[in-house]
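Colleague: This is query_36.csv (CSV, C-alpha atoms).
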chain,number,residue,atom,x,y,z
A,1,MET,CA,94.3,117.4,83.0
A,2,PHE,CA,96.2,115.3,80.4
A,3,GLY,CA,98.5,117.7,78.6
A,4,GLU,CA,96.8,120.6,80.3
A,5,HIS,CA,98.5,124.0,80.3
A,6,LEU,CA,97.4,126.8,82.6
A,7,SER,CA,98.5,130.4,82.9
A,8,THR,CA,97.7,133.0,85.5
A,9,PRO,CA,96.5,136.4,84.3
A,10,HIS,CA,99.4,138.7,83.3
A,11,GLU,CA,100.0,141.6,85.6
A,12,GLN,CA,97.4,140.7,88.1
A,13,VAL,CA,98.5,140.5,91.7
A,14,GLY,CA,97.3,137.6,93.7
A,15,ILE,CA,97.7,134.0,94.9
A,16,TYR,CA,96.7,131.4,92.3
A,17,VAL,CA,96.1,128.0,93.7
A,18,VAL,CA,96.3,124.7,91.8
A,19,GLU,CA,95.8,121.2,93.1
A,20,LEU,CA,98.3,118.6,91.9
A,21,ASP,CA,96.9,115.1,91.4
A,22,HIS,CA,99.6,112.4,91.6
A,23,GLU,CA,97.3,109.7,90.4
A,24,ALA,CA,96.7,111.6,87.2
A,25,LEU,CA,100.4,112.0,86.7
A,26,GLN,CA,100.9,108.3,87.2
A,27,MET,CA,98.2,107.5,84.7
A,28,GLY,CA,99.9,109.7,82.1
A,29,ARG,CA,103.2,108.0,82.7
A,30,LYS,CA,101.5,104.6,82.2
A,31,ALA,CA,99.9,105.7,79.0
A,32,LEU,CA,103.2,106.9,77.6
A,33,PRO,CA,105.9,104.9,79.4
A,34,PHE,CA,108.9,106.4,77.6
A,35,LEU,CA,111.0,107.2,80.6
A,36,LYS,CA,112.0,103.5,80.7
A,37,ASP,CA,113.8,104.1,77.4
A,38,ALA,CA,115.7,107.1,78.6
B,1,MET,CA,99.3,109.8,97.7
B,2,GLN,CA,97.6,113.0,98.7
B,3,HIS,CA,96.8,115.8,96.3
B,4,LEU,CA,99.0,118.8,96.8
B,5,LYS,CA,97.6,122.3,97.0
B,6,VAL,CA,100.1,124.8,95.6
B,7,GLY,CA,99.8,128.6,95.8
B,8,ILE,CA,101.6,130.7,93.3
B,9,LEU,CA,102.1,134.2,94.7
B,10,GLN,CA,102.2,136.7,91.8
B,11,PHE,CA,103.2,140.2,92.8
B,12,ASP,CA,104.9,143.3,91.6
B,13,GLN,CA,108.3,143.2,93.4
B,14,VAL,CA,109.6,146.4,94.7
B,15,TRP,CA,113.0,146.9,93.2
B,16,GLU,CA,115.8,146.3,95.7
B,17,ASP,CA,113.6,147.1,98.7
B,18,LYS,CA,113.5,144.0,101.0
B,19,GLN,CA,111.2,145.4,103.7
B,20,ALA,CA,108.7,146.6,101.1
B,21,ASN,CA,108.6,143.2,99.6
B,22,PHE,CA,108.1,141.5,103.0
B,23,GLU,CA,105.1,143.8,103.5
B,24,ARG,CA,103.6,143.1,100.1
B,25,ILE,CA,103.9,139.3,100.6
B,26,LYS,CA,102.4,139.5,104.1
B,27,ALA,CA,99.5,141.5,102.8
B,28,LEU,CA,98.8,139.1,100.0
B,29,LEU,CA,98.9,136.1,102.3
B,30,ALA,CA,96.4,137.5,104.8
B,31,GLY,CA,93.3,135.4,104.6
B,32,CYS,CA,94.8,132.9,102.2
B,33,GLN,CA,93.4,129.4,102.2
B,34,GLN,CA,95.5,126.5,103.6
B,35,LEU,CA,98.3,125.5,101.2
B,36,ASP,CA,100.8,122.7,101.1
B,37,LEU,CA,103.4,124.7,99.1
B,38,LEU,CA,103.8,128.4,98.4
B,39,LEU,CA,105.9,129.6,95.4
B,40,LEU,CA,107.4,133.1,95.2
B,41,PRO,CA,109.4,134.5,92.2
B,42,GLU,CA,113.2,134.4,91.9
B,43,MET,CA,115.1,136.7,94.2
B,44,PHE,CA,111.9,137.3,96.1
B,45,HIS,CA,113.0,140.2,98.3
B,46,THR,CA,115.1,142.3,95.9
B,47,GLY,CA,114.0,141.5,92.4
B,48,PHE,CA,116.5,140.2,89.9
B,49,SER,CA,119.3,142.6,90.9
B,50,MET,CA,123.1,142.4,90.5
B,51,GLN,CA,123.6,144.7,93.5
B,52,ILE,CA,125.5,142.2,95.6
B,53,ALA,CA,125.8,144.7,98.4
B,54,LEU,CA,122.2,143.7,99.1
B,55,ALA,CA,123.0,140.0,99.4
B,56,ASP,CA,122.0,138.4,102.7
B,57,ASP,CA,124.8,136.9,104.8
B,58,TRP,CA,123.8,133.2,104.6
B,59,GLN,CA,124.5,132.6,108.3
B,60,ASN,CA,122.3,135.5,109.3
B,61,SER,CA,119.8,135.9,106.5
B,62,THR,CA,116.8,138.2,107.2
B,63,GLY,CA,115.2,136.8,104.0
B,64,LEU,CA,115.5,133.3,105.1
B,65,GLN,CA,114.2,134.1,108.6
B,66,PHE,CA,111.2,135.9,107.0
B,67,LEU,CA,110.4,132.8,104.9
B,68,LYS,CA,110.7,130.5,107.9
B,69,THR,CA,108.3,132.6,109.9
B,70,ILE,CA,105.8,132.6,107.0
B,71,ALA,CA,106.2,128.8,106.6
B,72,GLN,CA,105.5,128.2,110.2
B,73,ALA,CA,102.7,130.7,110.5
B,74,TYR,CA,100.8,129.3,107.5
B,75,ASP,CA,101.9,125.7,108.0
B,76,THR,CA,103.1,125.5,104.4
B,77,ALA,CA,106.3,124.7,102.6
B,78,ILE,CA,107.9,127.5,100.5
B,79,TYR,CA,110.2,127.6,97.5
B,80,THR,CA,111.8,130.7,96.1
B,81,SER,CA,115.3,132.2,95.7
B,82,LEU,CA,117.3,135.0,97.2
B,83,MET,CA,120.8,136.5,96.8
B,84,VAL,CA,123.2,135.4,99.5
B,85,GLN,CA,126.8,135.7,100.4
B,86,ASP,CA,128.2,132.4,101.7
B,87,HIS,CA,131.8,132.7,102.8
B,88,ALA,CA,133.6,134.6,100.0
B,89,SER,CA,131.1,133.8,97.2
B,90,PHE,CA,127.7,135.1,96.1
B,91,TYR,CA,124.9,132.8,95.0
B,92,ASN,CA,121.4,133.0,93.6
B,93,ARG,CA,120.2,130.4,96.1
B,94,GLY,CA,117.0,128.5,95.9
B,95,VAL,CA,115.5,127.7,99.3
B,96,PHE,CA,112.8,125.1,100.0
B,97,ILE,CA,111.6,125.5,103.5
B,98,GLU,CA,109.3,123.1,105.4
B,99,PRO,CA,106.9,124.4,108.0
B,100,ASN,CA,109.1,122.9,110.7
B,101,GLY,CA,112.1,125.1,109.6
B,102,THR,CA,114.0,122.4,107.7
B,103,VAL,CA,115.8,124.1,104.7
B,104,TYR,CA,117.0,122.6,101.5
B,105,THR,CA,119.1,124.7,99.2
B,106,TYR,CA,119.8,124.8,95.4
B,107,ASP,CA,122.3,127.2,93.9
B,108,LYS,CA,121.4,128.3,90.4
B,109,ARG,CA,123.6,126.4,88.0
B,110,LYS,CA,123.3,128.6,84.9
B,111,ALA,CA,124.0,132.3,85.7
B,112,PHE,CA,122.4,134.6,83.1
B,113,GLY,CA,125.4,135.8,81.2
B,114,LEU,CA,123.4,138.1,79.0
B,115,GLY,CA,122.5,140.1,82.1
B,116,GLY,CA,125.9,140.0,83.8
B,117,GLU,CA,124.8,137.6,86.5
B,118,ASP,CA,127.9,135.4,85.8
B,119,GLU,CA,130.1,138.4,86.8
B,120,TYR,CA,128.8,138.5,90.3
B,121,PHE,CA,127.3,135.1,91.2
B,122,LYS,CA,129.0,131.7,91.4
B,123,ASN,CA,127.2,128.8,89.7
B,124,GLY,CA,126.0,125.9,91.7
B,125,SER,CA,127.2,122.5,90.8
B,126,SER,CA,124.6,119.9,91.8
B,127,GLU,CA,121.0,118.9,91.4
B,128,GLN,CA,118.6,119.1,94.3
B,129,ILE,CA,115.5,116.9,94.5
B,130,VAL,CA,113.4,117.4,97.6
B,131,THR,CA,110.8,114.9,98.8
B,132,TYR,CA,107.9,116.6,100.6
B,133,LYS,CA,104.6,114.9,101.4
B,134,ASN,CA,105.7,112.0,99.2
B,135,TRP,CA,106.1,114.3,96.1
B,136,ARG,CA,109.5,114.7,94.6
B,137,PHE,CA,110.5,118.2,93.5
B,138,ASN,CA,113.4,119.1,91.3
B,139,LEU,CA,114.5,122.6,92.2
B,140,GLN,CA,115.5,125.1,89.4
B,141,ILE,CA,115.9,128.8,88.9
B,142,CYS,CA,115.0,130.8,85.8
B,143,TYR,CA,117.7,130.5,83.1
B,144,ASP,CA,118.3,126.8,84.1
B,145,LEU,CA,115.1,126.2,82.1
B,146,ARG,CA,117.0,126.6,78.8
B,147,PHE,CA,119.3,123.7,79.6
B,148,PRO,CA,117.6,120.4,79.4
B,149,GLU,CA,120.6,118.4,80.6
B,150,LEU,CA,119.9,119.9,84.1
B,151,THR,CA,116.5,118.5,84.4
B,152,ARG,CA,116.8,115.0,82.8
B,153,ASN,CA,114.3,112.7,84.4
B,154,ARG,CA,114.9,108.9,84.7
B,155,ILE,CA,113.8,105.8,86.5
B,156,ASP,CA,116.0,105.1,89.4
B,157,GLN,CA,117.4,101.7,90.5
B,158,ASP,CA,114.5,101.2,92.8
B,159,GLY,CA,112.1,101.5,89.9
B,160,THR,CA,110.7,104.9,90.9
B,161,VAL,CA,110.8,108.0,88.7
B,162,ALA,CA,113.4,110.4,90.0
B,163,TYR,CA,111.0,113.3,90.4
B,164,ASP,CA,107.4,114.4,89.8
B,165,VAL,CA,107.4,118.2,89.7
B,166,LEU,CA,109.8,120.7,88.1
B,167,LEU,CA,109.9,123.8,90.3
B,168,ASN,CA,111.5,126.8,88.5
B,169,VAL,CA,111.2,130.2,90.1
B,170,ALA,CA,112.0,133.0,87.7
B,171,ASN,CA,112.1,136.6,86.6
B,172,TRP,CA,111.6,135.9,82.9
B,173,PRO,CA,111.3,138.9,80.5
B,174,GLN,CA,108.0,139.5,78.7
B,175,LYS,CA,109.7,139.9,75.3
B,176,ARG,CA,110.8,136.2,75.4
B,177,ILE,CA,107.5,134.9,76.7
B,178,SER,CA,107.1,132.7,73.7
B,179,HIS,CA,110.3,130.8,74.6
B,180,TRP,CA,109.0,130.5,78.2
B,181,ASP,CA,105.7,129.0,77.1
B,182,ALA,CA,107.4,126.6,74.7
B,183,LEU,CA,110.1,125.4,77.1
B,184,LEU,CA,107.6,125.0,79.9
B,185,LYS,CA,105.4,122.7,77.9
B,186,ALA,CA,108.3,120.8,76.4
B,187,ARG,CA,109.8,120.1,79.8
B,188,ALA,CA,106.5,118.9,81.2
B,189,MET,CA,105.9,116.6,78.3
B,190,SER,CA,109.5,115.3,77.7
B,191,LEU,CA,110.2,114.7,81.4
B,192,ALA,CA,106.8,113.3,82.3
B,193,VAL,CA,106.4,115.7,85.1
B,194,ILE,CA,104.3,118.6,86.2
B,195,ALA,CA,106.1,121.9,85.7
B,196,LEU,CA,105.3,124.8,88.0
B,197,GLU,CA,107.0,128.1,87.1
B,198,PRO,CA,106.2,131.2,89.1
B,199,THR,CA,107.7,134.4,87.9
B,200,ALA,CA,107.4,138.1,88.7
B,201,MET,CA,104.1,139.5,87.4
B,202,HIS,CA,105.5,142.7,85.8
B,203,LEU,CA,107.9,140.8,83.7
B,204,SER,CA,106.1,137.7,82.6
B,205,ILE,CA,103.3,135.3,83.3
B,206,THR,CA,103.1,132.3,85.5
B,207,ALA,CA,102.3,129.1,83.8
B,208,ILE,CA,101.6,125.6,84.7
B,209,ALA,CA,101.9,122.7,82.4
B,210,ARG,CA,100.8,119.2,83.3
B,211,TYR,CA,101.9,116.1,81.6
Will you turn the file into structure tokens for me?
Modeller:
Amino acid sequence: MFGEHLSTPHEQVGIYVVELDHEALQMGRKALPFLKDA
Amino acid sequence: MQHLKVGILQFDQVWEDKQANFERIKALLAGCQQLDLLLLPEMFHTGFSMQIALADDWQNSTGLQFLKTIAQAYDTAIYTSLMVQDHASFYNRGVFIEPNGTVYTYDKRKAFGLGGEDEYFKNGSSEQIVTYKNWRFNLQICYDLRFPELTRNRIDQDGTVAYDVLLNVANWPQKRISHWDALLKARAMSLAVIALEPTAMHLSITAIARY
């Protein structure tokens, strides 16, 4: 999850489903809180 | 906050044939599991065409009506773009549609000059962040991805991060796929967001980068 990069198969028709986890996103932001310095 | 189930529909768009694209999308959706959000490529019902004669009249858009019908039937939000004429101007217009029919729009801010898009379509002028199921989505279209100033994230006055997910629908060429991959990862990491980027399958890949 942390820094994960996913790609769907090239030239394959279909619906690819991914589940987004807001808690994991928030954990990442807490671990690297650089947005406060933006 | 609930997890969000996102479906990325990857399909071979039929060039400038709206009805054929409607049929392909309906066929692919048949039997699909329950989703919260469905993503389709840029200019979903024509392909990335400069044939503005194909643009939908914004006030009577068959493309928008099709998307509303799908959103309601499958109880899912949808994000994609389509070419429209709105009064005297043409736009590559992003549409985020809720199942109840509510529509949020985003006009592509960076027309792809290399392909002549700037000769036909007027650039949009403003950011659009949509809140849906407590997630915040920054709407983008294709070439916008190259311009980081358009996607800058920040902490707003109430202490919340401006947005959680960068949604960029595209028709990105395969020969520049290395740029796509690098920009996608960079945006996800530098903005502290999840980047979801569906594109047409015959031109590029669809990629997902998570912070």
Colleague: Quick check, in Å to one decimal: how far apart do CA of Leu191 (chain B) and CA of Ala162 (chain B) lie?
Modeller: 10.1 Å
Colleague: Skipping near chain neighbours, those fewer than 6 positions away, what residues fall within 9 Å of region 32-36 of chain A using only C-alpha atoms, listed as a PyMOL selection string?
Modeller: chain B and resi 153-155+161+190-192
Colleague: Residues at most 7 Å from region 16-30 of chain A, counting all atoms listed in the file, excluding those fewer than 4 positions away in the same chain, as a list of chain:residue names?
Modeller: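 Here the answer would be A:Phe2, B:Met1, B:His3, B:Leu4, B:Lys5, B:Val6, B:Gly7, B:Ile8, B:Leu9, B:Ala192, B:Tyr211.
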Colleague: Near region 16-29 of chain B, within 9 Å and counting all atoms listed in the file, which residues show up once chain neighbours fewer than 6 positions away are dropped, as a VMD selection string?
Modeller: (chain A and resid 13 to 15) or (chain B and resid 9 40 44 to 49 51 54 63 66 70 74)
Colleague: If you count only C-alpha atoms, which residues fall within 7 Å of region 89-97 of chain B, apart from same-chain ones fewer than 3 positions away, as a PyMOL selection string?
Modeller: chain B and resi 68+77-86+101-108+120-122
Colleague: Selection from above, C-alpha atoms, as a short mmCIF file (atom, residue, chain, number, x, y, z; two decimals), in the coordinates of the input, can you write it?
Modeller:
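Final output, again-v4.cif:
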data_model
loop_
_atom_site.label_atom_id
_atom_site.label_comp_id
_atom_site.auth_asym_id
_atom_site.auth_seq_id
_atom_site.Cartn_x
_atom_site.Cartn_y
_atom_site.Cartn_z
CA LYS B 68 110.70 130.50 107.90
CA ALA B 77 106.30 124.70 102.60
CA ILE B 78 107.90 127.50 100.50
CA TYR B 79 110.20 127.60 97.50
CA THR B 80 111.80 130.70 96.10
CA SER B 81 115.30 132.20 95.70
CA LEU B 82 117.30 135.00 97.20
CA MET B 83 120.80 136.50 96.80
CA VAL B 84 123.20 135.40 99.50
CA GLN B 85 126.80 135.70 100.40
CA ASP B 86 128.20 132.40 101.70
CA GLY B 101 112.10 125.10 109.60
CA THR B 102 114.00 122.40 107.70
CA VAL B 103 115.80 124.10 104.70
CA TYR B 104 117.00 122.60 101.50
CA THR B 105 119.10 124.70 99.20
CA TYR B 106 119.80 124.80 95.40
CA ASP B 107 122.30 127.20 93.90
CA LYS B 108 121.40 128.30 90.40
CA TYR B 120 128.80 138.50 90.30
CA PHE B 121 127.30 135.10 91.20
CA LYS B 122 129.00 131.70 91.40
#
Colleague: Export region 100-207 of chain B from the structure block above, keeping C-alpha atoms, as a PDB file, in the first residue's frame.
Modeller:
ATOM      1  CA  ASN B 100     -28.866  10.823  -8.194  1.00  0.00           C
ATOM      2  CA  GLY B 101     -28.052  12.760 -11.374  1.00  0.00           C
ATOM      3  CA  THR B 102     -26.054  15.601  -9.816  1.00  0.00           C
ATOM      4  CA  VAL B 103     -23.352  16.711 -12.272  1.00  0.00           C
ATOM      5  CA  TYR B 104     -20.082  18.521 -11.534  1.00  0.00           C
ATOM      6  CA  THR B 105     -18.051  19.806 -14.464  1.00  0.00           C
ATOM      7  CA  TYR B 106     -14.398  20.511 -15.111  1.00  0.00           C
ATOM      8  CA  ASP B 107     -13.159  21.999 -18.393  1.00  0.00           C
ATOM      9  CA  LYS B 108      -9.682  20.848 -19.413  1.00  0.00           C
ATOM     10  CA  ARG B 109      -7.300  23.697 -18.663  1.00  0.00           C
ATOM     11  CA  LYS B 110      -4.404  22.687 -20.894  1.00  0.00           C
ATOM     12  CA  ALA B 111      -5.444  21.908 -24.459  1.00  0.00           C
ATOM     13  CA  PHE B 112      -2.932  19.641 -26.192  1.00  0.00           C
ATOM     14  CA  GLY B 113      -1.341  22.080 -28.641  1.00  0.00           C
ATOM     15  CA  LEU B 114       0.858  19.430 -30.206  1.00  0.00           C
ATOM     16  CA  GLY B 115      -2.292  17.716 -31.468  1.00  0.00           C
ATOM     17  CA  GLY B 116      -4.135  20.907 -32.430  1.00  0.00           C
ATOM     18  CA  GLU B 117      -6.640  20.707 -29.597  1.00  0.00           C
ATOM     19  CA  ASP B 118      -6.044  24.370 -28.783  1.00  0.00           C
ATOM     20  CA  GLU B 119      -7.339  25.329 -32.257  1.00  0.00           C
ATOM     21  CA  TYR B 120     -10.779  23.924 -31.510  1.00  0.00           C
ATOM     22  CA  PHE B 121     -11.345  23.784 -27.782  1.00  0.00           C
ATOM     23  CA  LYS B 122     -11.397  26.582 -25.256  1.00  0.00           C
ATOM     24  CA  ASN B 123      -9.399  26.079 -22.073  1.00  0.00           C
ATOM     25  CA  GLY B 124     -11.167  25.947 -18.753  1.00  0.00           C
ATOM     26  CA  SER B 125     -10.085  28.373 -16.072  1.00  0.00           C
ATOM     27  CA  SER B 126     -10.747  26.860 -12.682  1.00  0.00           C
ATOM     28  CA  GLU B 127     -10.036  23.917 -10.423  1.00  0.00           C
ATOM     29  CA  GLN B 128     -12.842  21.535  -9.530  1.00  0.00           C
ATOM     30  CA  ILE B 129     -12.668  19.494  -6.338  1.00  0.00           C
ATOM     31  CA  VAL B 130     -15.668  17.244  -5.757  1.00  0.00           C
ATOM     32  CA  THR B 131     -16.573  15.669  -2.426  1.00  0.00           C
ATOM     33  CA  TYR B 132     -18.280  12.309  -2.720  1.00  0.00           C
ATOM     34  CA  LYS B 133     -18.763   9.801   0.092  1.00  0.00           C
ATOM     35  CA  ASN B 134     -16.424  11.993   2.172  1.00  0.00           C
ATOM     36  CA  TRP B 135     -13.570  11.602  -0.308  1.00  0.00           C
ATOM     37  CA  ARG B 136     -12.293  14.703  -2.120  1.00  0.00           C
ATOM     38  CA  PHE B 137     -11.447  14.352  -5.819  1.00  0.00           C
ATOM     39  CA  ASN B 138      -9.471  16.818  -7.911  1.00  0.00           C
ATOM     40  CA  LEU B 139     -10.711  16.496 -11.494  1.00  0.00           C
ATOM     41  CA  GLN B 140      -8.162  16.583 -14.319  1.00  0.00           C
ATOM     42  CA  ILE B 141      -7.937  15.642 -17.991  1.00  0.00           C
ATOM     43  CA  CYS B 142      -4.935  14.104 -19.764  1.00  0.00           C
ATOM     44  CA  TYR B 143      -2.396  16.831 -20.707  1.00  0.00           C
ATOM     45  CA  ASP B 144      -3.157  18.679 -17.437  1.00  0.00           C
ATOM     46  CA  LEU B 145      -0.938  16.045 -15.834  1.00  0.00           C
ATOM     47  CA  ARG B 146       2.174  17.745 -17.202  1.00  0.00           C
ATOM     48  CA  PHE B 147       1.495  20.977 -15.303  1.00  0.00           C
ATOM     49  CA  PRO B 148       2.050  20.587 -11.567  1.00  0.00           C
ATOM     50  CA  GLU B 149       0.741  24.052 -10.753  1.00  0.00           C
ATOM     51  CA  LEU B 150      -2.750  22.798 -11.647  1.00  0.00           C
ATOM     52  CA  THR B 151      -2.758  20.089  -9.012  1.00  0.00           C
ATOM     53  CA  ARG B 152      -1.025  21.696  -6.068  1.00  0.00           C
ATOM     54  CA  ASN B 153      -2.297  20.220  -2.828  1.00  0.00           C
ATOM     55  CA  ARG B 154      -2.382  22.133   0.455  1.00  0.00           C
ATOM     56  CA  ILE B 155      -3.832  22.224   3.925  1.00  0.00           C
ATOM     57  CA  ASP B 156      -6.878  24.460   3.952  1.00  0.00           C
ATOM     58  CA  GLN B 157      -7.777  26.926   6.694  1.00  0.00           C
ATOM     59  CA  ASP B 158      -9.916  24.362   8.484  1.00  0.00           C
ATOM     60  CA  GLY B 159      -6.898  22.073   8.776  1.00  0.00           C
ATOM     61  CA  THR B 160      -8.004  19.550   6.194  1.00  0.00           C
ATOM     62  CA  VAL B 161      -6.017  18.516   3.136  1.00  0.00           C
ATOM     63  CA  ALA B 162      -7.596  20.058   0.030  1.00  0.00           C
ATOM     64  CA  TYR B 163      -8.038  16.747  -1.743  1.00  0.00           C
ATOM     65  CA  ASP B 164      -7.371  13.011  -1.463  1.00  0.00           C
ATOM     66  CA  VAL B 165      -7.504  11.645  -4.997  1.00  0.00           C
ATOM     67  CA  LEU B 166      -6.259  13.000  -8.302  1.00  0.00           C
ATOM     68  CA  LEU B 167      -8.580  11.803 -11.067  1.00  0.00           C
ATOM     69  CA  ASN B 168      -7.122  12.254 -14.533  1.00  0.00           C
ATOM     70  CA  VAL B 169      -8.917  10.711 -17.504  1.00  0.00           C
ATOM     71  CA  ALA B 170      -6.718  10.458 -20.580  1.00  0.00           C
ATOM     72  CA  ASN B 171      -5.873   9.305 -24.050  1.00  0.00           C
ATOM     73  CA  TRP B 172      -2.137   9.168 -23.484  1.00  0.00           C
ATOM     74  CA  PRO B 173       0.052   7.856 -26.350  1.00  0.00           C
ATOM     75  CA  GLN B 174       1.987   4.668 -25.845  1.00  0.00           C
ATOM     76  CA  LYS B 175       5.223   6.220 -27.144  1.00  0.00           C
ATOM     77  CA  ARG B 176       5.299   8.584 -24.160  1.00  0.00           C
ATOM     78  CA  ILE B 177       4.331   5.980 -21.614  1.00  0.00           C
ATOM     79  CA  SER B 178       7.523   6.466 -19.635  1.00  0.00           C
ATOM     80  CA  HIS B 179       6.484  10.081 -19.007  1.00  0.00           C
ATOM     81  CA  TRP B 180       3.049   8.919 -17.911  1.00  0.00           C
ATOM     82  CA  ASP B 181       4.447   6.474 -15.404  1.00  0.00           C
ATOM     83  CA  ALA B 182       6.924   8.964 -13.974  1.00  0.00           C
ATOM     84  CA  LEU B 183       4.431  11.822 -13.721  1.00  0.00           C
ATOM     85  CA  LEU B 184       1.804   9.599 -12.160  1.00  0.00           C
ATOM     86  CA  LYS B 185       4.125   8.421  -9.411  1.00  0.00           C
ATOM     87  CA  ALA B 186       5.488  11.904  -8.872  1.00  0.00           C
ATOM     88  CA  ARG B 187       2.047  13.432  -8.470  1.00  0.00           C
ATOM     89  CA  ALA B 188       0.953  10.768  -5.986  1.00  0.00           C
ATOM     90  CA  MET B 189       4.082  11.218  -3.896  1.00  0.00           C
ATOM     91  CA  SER B 190       4.527  14.973  -4.045  1.00  0.00           C
ATOM     92  CA  LEU B 191       0.868  15.756  -3.457  1.00  0.00           C
ATOM     93  CA  ALA B 192       0.246  13.093  -0.805  1.00  0.00           C
ATOM     94  CA  VAL B 193      -2.720  11.769  -2.716  1.00  0.00           C
ATOM     95  CA  ILE B 194      -3.894   8.670  -4.525  1.00  0.00           C
ATOM     96  CA  ALA B 195      -3.632   9.132  -8.287  1.00  0.00           C
ATOM     97  CA  LEU B 196      -6.133   7.294 -10.484  1.00  0.00           C
ATOM     98  CA  GLU B 197      -5.574   7.655 -14.185  1.00  0.00           C
ATOM     99  CA  PRO B 198      -7.704   5.694 -16.647  1.00  0.00           C
ATOM    100  CA  THR B 199      -6.783   5.948 -20.306  1.00  0.00           C
ATOM    101  CA  ALA B 200      -7.814   4.258 -23.523  1.00  0.00           C
ATOM    102  CA  MET B 201      -6.411   0.749 -23.746  1.00  0.00           C
ATOM    103  CA  HIS B 202      -5.160   0.932 -27.298  1.00  0.00           C
ATOM    104  CA  LEU B 203      -2.999   3.945 -26.590  1.00  0.00           C
ATOM    105  CA  SER B 204      -1.597   3.428 -23.166  1.00  0.00           C
ATOM    106  CA  ILE B 205      -1.978   1.667 -19.880  1.00  0.00           C
ATOM    107  CA  THR B 206      -4.017   2.524 -16.875  1.00  0.00           C
ATOM    108  CA  ALA B 207      -2.032   3.029 -13.758  1.00  0.00           C
TER     109      ALA B 207
END
